[in-house]
Amino acid sequence: MIERIYSRQEVDQLKAGRALVLYGPRRAGKTFLIENILKTCSGKIFTGVGEDRDIQAVLESESVEKIKSLFSFYDIVFIDEAQQIRDVGTGLKLLVDHCKNTKLIATGSSSFELSEKVGEPLTGRKKQHILYPVSIKELSAQLGPMAIKQKLENLLIFGMYPEILEAESVEEKKELLIELRDSYLLRDILKFENLKNPRKLTQLLSLLAFQVGKEVSFTEIGQKLEMSKNTVSRYIELLEKSFVIQRISGYAKNLRNEITKSCRFYFLDIGIRNAVINNFNNLELRNDTGELWENFLFMERIKANHYSKRYLNTYFWRTYSGQEIDLVEDTADGLFAFEFKWSPKKKPKAPTAWAKHYPDAGYKIVHQNNFLEFCT
């Protein structure tokens with residue numbers, strides 16, 4: 001079992017009459033994590049799922065008397081897949097407000113159904129976290145750096161979902177990823193948005209998979225898929241909010257030659273990206289190793305920053321003349337630029353336009369020999 005970054009401490013530090021909201025991709029381990037934490041907690045505990053009609057009826061009723069009479073008995077209430085409850089934020093707010101001695105834990109796999117609806121009603125009453133697929137930070141703490149280096153190619157092909165990491169054979173990993181792709185990946189989008197043409201959504205995802213690390217034109221994608229630019233934008237937003245892809249924008253200080261209006265997209269898990277394009281070949285047989293490496297490092301840095309509570313803004317940087325940097329972090333301590341290279345360079349040197357306009361920024365090339373520090 002892989003030990004995750006969040007532990008019982010999160011629940012112990014949660015005050016009664018407050019909520020812990022944990023959301024993230026399906027099958028990332030949210031339910032398993034909370035259930036294991038609750039096994040070590042004392043007191044009266046209720047565990048339920050948002051699909052349960054009895055729970056839906058109570059929390060959707062907006063009846064203080066009903067909610068208080070049924071939930072105030074418990075020290076901890078855990079509602080899994082809470083996004084299944086209509087107007088879930090209001091129901092959870094009433095539970096928190098009127099069950100003063102109860103700690104509430106809610107999990108969900110759709111930020112557009114959980115985070116946004118819970119956010120305003122529970123303002124000042126909640127702690128909110130994302131649980132990503134397993135991170136290098138978590139894996140290296142358990143296995144050590146040498147084991148990570150030995151597993152690196154496997155991680156770039158099959159990704160970091162808990163069940164994929166624990167699968168014993170390559171064939172089992174492939175089967176699980178295909179199942180994730182076909183049965184779970186788009187479930188929330190299709191269910192909650194009632195999309196009329198899910199095939200277009202799958203085709204869009206495939207196009208994005210081949211454009212990892214490149215600027216994406218909504219107009220161009222729309223032409224290929226015979227969709228409007230606005231529809232492409234809406235579908236991409238849904239893919240972001242269901243934790244399938246992550247957007248990154250261009251960095252600039254209004255210099256004429258810098259690209260700012262376009263954006264790039266990365267998959268939250270590189271194994272899912274490979275499943276979308278049906279390519280599980282070894283690196284020696286692939287022509288996209290650079291893209292895999294870039295996606296992998298970008299997301300591992302996002303995870304590490306989130307779990308370490310490093311508050312910053314992330315961008316890519318590119319000029320119209322073609323000079324570019326894969327990742328720029330704008331922090332309280334200044335700008336830091338990172339280039340992702342599969343093979344180490346002997347003499348790392350920043351692009352001339354970057355060095356000229358941002359002479360005080362840090363610059364580093366991340367490669368196979370130094371990526372562990374970058375990812376933790």
# chains A, B, ... in the order shown; residues from 1 in each chain; ligands from 1
>>> residues_around(residues="A:Leu20", least_positions_apart="6", cutoff="9 Å", atoms="only C-alpha atoms", output="PyMOL selection string")
chain A and resi 10-11+14+103-107+125-129
>>> write_last_selection(atoms="C-alpha atoms", output="PDB file, in the first residue's frame")
ATOM      1  CA  GLU A  10      -5.752  16.271   8.686  1.00  0.00           C
ATOM      2  CA  VAL A  11      -8.762  14.867  10.537  1.00  0.00           C
ATOM      3  CA  LEU A  14     -10.154  19.562  11.877  1.00  0.00           C
ATOM      4  CA  LYS A 103     -16.628  16.984  11.867  1.00  0.00           C
ATOM      5  CA  LEU A 104     -17.628  16.688   8.216  1.00  0.00           C
ATOM      6  CA  ILE A 105     -15.511  15.056   5.499  1.00  0.00           C
ATOM      7  CA  ALA A 106     -16.660  15.213   1.878  1.00  0.00           C
ATOM      8  CA  THR A 107     -14.936  13.848  -1.216  1.00  0.00           C
ATOM      9  CA  ARG A 125     -15.947  26.631   7.431  1.00  0.00           C
ATOM     10  CA  LYS A 126     -13.754  24.244   5.427  1.00  0.00           C
ATOM     11  CA  LYS A 127     -10.295  22.972   4.592  1.00  0.00           C
ATOM     12  CA  GLN A 128      -9.995  22.069   0.933  1.00  0.00           C
ATOM     13  CA  HIS A 129      -7.419  19.773  -0.691  1.00  0.00           C
TER      14      HIS A 129
END
>>> select_by_dssp(residues="stretch 15-212 of chain A", states="strand (DSSP E or B)", output="list in words")
Ala19, Leu20, Val21, Leu22, Tyr23, Ile45, Phe46, Thr47, Gly48, Val49, Ile76, Val77, Phe78, Ile79, Asp80, Lys103, Leu104, Ile105, Ala106, Thr107, Gly108, Lys126, Lys127, Gln128, His129 and Ile130 of chain A
>>> closest_residue(among="A:Gln368, A:Thr331, A:Ser249, A:Thr123", to="A:Gln150", atoms="only C-alpha atoms")
A:Gln368
>>> select_by_dssp(residues="stretch 138-266 of chain A", states="alpha helix (DSSP H)", output="ChimeraX atom specification")
/A:138-143,145-158,162-166,170-179,187-193,198-209,218-225,229-241
>>> atom_distance(atom1="atom CA of A:Glu175", atom2="atom CA of A:Leu205")
19.4 Å
>>> residues_around(residues="stretch 214-224 of chain A", least_positions_apart="6", cutoff="8 Å", atoms="only C-alpha atoms", output="list in words")
Leu204, Leu207, Leu208, Thr231, Val232, Ser233, Ser262, Cys263, Arg264 and Phe265 of chain A
>>> write_last_selection(atoms="C-alpha atoms", output="compact mmCIF listing (two decimals), in the first residue's frame")
# COMPACT_ATOMS: atom_id res chain seq x y z
CA LEU A 204 -10.91 16.39 -28.68
CA LEU A 207 -6.06 15.84 -30.36
CA LEU A 208 -4.87 17.33 -27.08
CA THR A 231 -17.92 24.60 -27.93
CA VAL A 232 -14.26 23.57 -27.96
CA SER A 233 -13.60 26.03 -25.15
CA SER A 262 -2.36 31.05 -26.22
CA CYS A 263 -2.17 28.18 -23.72
CA ARG A 264 -0.84 24.67 -23.38
CA PHE A 265 -2.41 21.59 -21.83
>>> residues_around(residues="A:Ala350", least_positions_apart="2", cutoff="12 Å", atoms="only C-alpha atoms", output="compact mmCIF listing (two decimals) with N, CA and C atoms, in the first residue's frame")
# COMPACT_ATOMS: atom_id res chain seq x y z
N TRP A 317 6.83 30.03 -21.36
CA TRP A 317 7.29 31.28 -21.98
C TRP A 317 7.75 30.97 -23.39
N GLN A 323 11.94 31.13 -29.41
CA GLN A 323 12.63 30.85 -28.15
C GLN A 323 11.58 30.52 -27.09
N GLU A 324 11.87 29.52 -26.26
CA GLU A 324 10.86 29.11 -25.29
C GLU A 324 11.47 28.50 -24.03
N ILE A 325 10.65 28.49 -22.98
CA ILE A 325 10.97 27.86 -21.71
C ILE A 325 9.75 27.07 -21.28
N ASP A 326 9.96 25.84 -20.81
CA ASP A 326 8.84 24.94 -20.52
C ASP A 326 8.02 25.37 -19.31
N PHE A 336 11.61 31.90 -11.60
CA PHE A 336 12.47 30.74 -11.80
C PHE A 336 12.03 30.03 -13.07
N ALA A 337 12.97 29.76 -13.95
CA ALA A 337 12.68 29.14 -15.24
C ALA A 337 13.27 27.74 -15.29
N PHE A 338 12.50 26.80 -15.86
CA PHE A 338 12.94 25.40 -15.94
C PHE A 338 12.75 24.89 -17.36
N GLU A 339 13.81 24.26 -17.88
CA GLU A 339 13.75 23.57 -19.16
C GLU A 339 13.79 22.07 -18.90
N LYS A 345 22.29 18.22 -20.41
CA LYS A 345 23.16 19.11 -21.17
C LYS A 345 24.34 19.50 -20.32
N LYS A 347 26.31 22.24 -20.61
CA LYS A 347 26.37 23.67 -20.30
C LYS A 347 24.98 24.30 -20.49
N PRO A 348 24.17 24.25 -19.45
CA PRO A 348 22.84 24.86 -19.58
C PRO A 348 22.92 26.36 -19.79
N THR A 352 18.44 33.54 -25.23
CA THR A 352 19.00 34.90 -25.18
C THR A 352 17.95 35.95 -24.83
N ALA A 353 16.74 35.82 -25.38
CA ALA A 353 15.70 36.81 -25.11
C ALA A 353 15.27 36.77 -23.65
N TRP A 354 15.23 35.57 -23.09
CA TRP A 354 14.89 35.45 -21.66
C TRP A 354 15.97 36.07 -20.80
N ALA A 355 17.22 35.72 -21.08
CA ALA A 355 18.34 36.25 -20.29
C ALA A 355 18.41 37.77 -20.37
N LYS A 356 18.04 38.31 -21.53
CA LYS A 356 18.10 39.76 -21.71
C LYS A 356 17.00 40.47 -20.92
N HIS A 357 15.77 39.96 -21.00
CA HIS A 357 14.63 40.65 -20.39
C HIS A 357 14.44 40.29 -18.92
N TYR A 358 14.94 39.11 -18.50
CA TYR A 358 14.76 38.68 -17.11
C TYR A 358 16.11 38.22 -16.54
N PRO A 359 17.05 39.13 -16.44
CA PRO A 359 18.42 38.76 -16.04
C PRO A 359 18.52 38.25 -14.61
N ASP A 360 17.56 38.58 -13.76
CA ASP A 360 17.63 38.16 -12.36
C ASP A 360 16.90 36.84 -12.09
N ALA A 361 16.29 36.28 -13.11
CA ALA A 361 15.53 35.04 -12.92
C ALA A 361 16.47 33.85 -12.80
N GLY A 362 16.07 32.90 -11.95
CA GLY A 362 16.82 31.65 -11.88
C GLY A 362 16.55 30.81 -13.12
N TYR A 363 17.50 29.93 -13.47
CA TYR A 363 17.35 29.10 -14.67
C TYR A 363 17.98 27.74 -14.40
N LYS A 364 17.23 26.69 -14.76
CA LYS A 364 17.73 25.33 -14.50
C LYS A 364 17.18 24.37 -15.55
N ILE A 365 18.01 23.46 -16.00
CA ILE A 365 17.57 22.37 -16.86
C ILE A 365 17.32 21.14 -15.99
>>> residues_around(residues="A:Tyr6", least_positions_apart="6", cutoff="9 Å", atoms="only C-alpha atoms", output="list in words")
Leu33, Leu131 and Tyr307 of chain A
>>> write_last_selection(atoms="C-alpha atoms", output="mmCIF file, in the first residue's frame")
data_model
loop_
_atom_site.group_PDB
_atom_site.id
_atom_site.type_symbol
_atom_site.label_atom_id
_atom_site.label_comp_id
_atom_site.auth_asym_id
_atom_site.auth_seq_id
_atom_site.Cartn_x
_atom_site.Cartn_y
_atom_site.Cartn_z
ATOM 1 C CA LEU A 33 -7.419 7.196 1.970
ATOM 2 C CA LEU A 131 -5.641 14.441 -4.063
ATOM 3 C CA TYR A 307 1.451 19.267 -1.262
#
>>> residues_around(residues="stretch 45-62 of chain A", least_positions_apart="6", cutoff="8 Å", atoms="only C-alpha atoms", output="PyMOL selection string")
chain A and resi 38+74-88+90-92+94
>>> write_last_selection(atoms="C-alpha atoms", output="mmCIF file, in the first residue's frame")
data_model
loop_
_atom_site.group_PDB
_atom_site.id
_atom_site.type_symbol
_atom_site.label_atom_id
_atom_site.label_comp_id
_atom_site.auth_asym_id
_atom_site.auth_seq_id
_atom_site.Cartn_x
_atom_site.Cartn_y
_atom_site.Cartn_z
ATOM 1 C CA LEU A 38 -11.202 6.760 9.846
ATOM 2 C CA TYR A 74 -21.975 11.501 15.073
ATOM 3 C CA ASP A 75 -18.490 12.797 15.850
ATOM 4 C CA ILE A 76 -17.450 12.397 12.194
ATOM 5 C CA VAL A 77 -19.640 12.297 9.084
ATOM 6 C CA PHE A 78 -17.994 11.150 5.847
ATOM 7 C CA ILE A 79 -19.881 11.646 2.560
ATOM 8 C CA ASP A 80 -18.063 10.085 -0.402
ATOM 9 C CA GLU A 81 -18.791 11.263 -3.974
ATOM 10 C CA ALA A 82 -20.691 14.207 -2.535
ATOM 11 C CA GLN A 83 -21.058 15.807 -5.965
ATOM 12 C CA GLN A 84 -23.930 13.387 -6.584
ATOM 13 C CA ILE A 85 -26.106 15.436 -4.200
ATOM 14 C CA ARG A 86 -28.097 18.276 -5.746
ATOM 15 C CA ASP A 87 -27.076 21.692 -4.356
ATOM 16 C CA VAL A 88 -24.600 19.844 -2.171
ATOM 17 C CA THR A 90 -26.253 24.151 0.893
ATOM 18 C CA GLY A 91 -26.887 20.774 2.521
ATOM 19 C CA LEU A 92 -23.330 20.503 3.828
ATOM 20 C CA LEU A 94 -26.565 23.280 7.155
#
>>> residues_around(residues="A:Phe296", least_positions_apart="2", cutoff="8 Å", atoms="only C-alpha atoms", output="number ranges by chain")
A: 156, 269-270, 292-294, 298-300
>>> write_last_selection(atoms="N, CA and C atoms", output="CSV table (one decimal), in the first residue's frame")
chain,number,residue,atom,x,y,z
A,156,LEU,N,6.7,6.7,-16.9
A,156,LEU,CA,6.5,7.5,-18.1
A,156,LEU,C,5.5,6.9,-19.0
A,269,ASP,N,-2.4,12.7,-15.6
A,269,ASP,CA,-1.6,11.5,-15.5
A,269,ASP,C,-1.2,11.1,-16.9
A,270,ILE,N,0.1,10.8,-17.0
A,270,ILE,CA,0.7,10.5,-18.3
A,270,ILE,C,0.2,9.1,-18.8
A,292,LEU,N,6.4,13.1,-23.3
A,292,LEU,CA,6.2,12.3,-22.1
A,292,LEU,C,6.9,12.9,-20.9
A,293,TRP,N,8.2,13.2,-21.1
A,293,TRP,CA,9.0,13.7,-20.1
A,293,TRP,C,8.5,15.1,-19.6
A,294,GLU,N,8.1,15.9,-20.6
A,294,GLU,CA,7.7,17.3,-20.2
A,294,GLU,C,6.3,17.2,-19.5
A,298,PHE,N,6.0,18.4,-15.5
A,298,PHE,CA,5.1,19.5,-15.2
A,298,PHE,C,4.1,19.1,-14.2
A,299,MET,N,3.5,17.9,-14.3
A,299,MET,CA,2.5,17.5,-13.3
A,299,MET,C,3.1,17.1,-12.0
A,300,GLU,N,4.3,16.6,-12.0
A,300,GLU,CA,5.0,16.2,-10.7
A,300,GLU,C,5.3,17.5,-10.0
>>> closest_residue(among="A:Asn369, A:Asp333, A:Pro198, A:Met160", to="A:Ile272", atoms="only C-alpha atoms")
A:Met160
>>> atom_distance(atom1="atom CA of A:Met146", atom2="atom CA of A:Leu372")
10.1 Å
>>> atom_distance(atom1="atom CA of A:Arg318", atom2="atom CA of A:Phe340")
14.3 Å
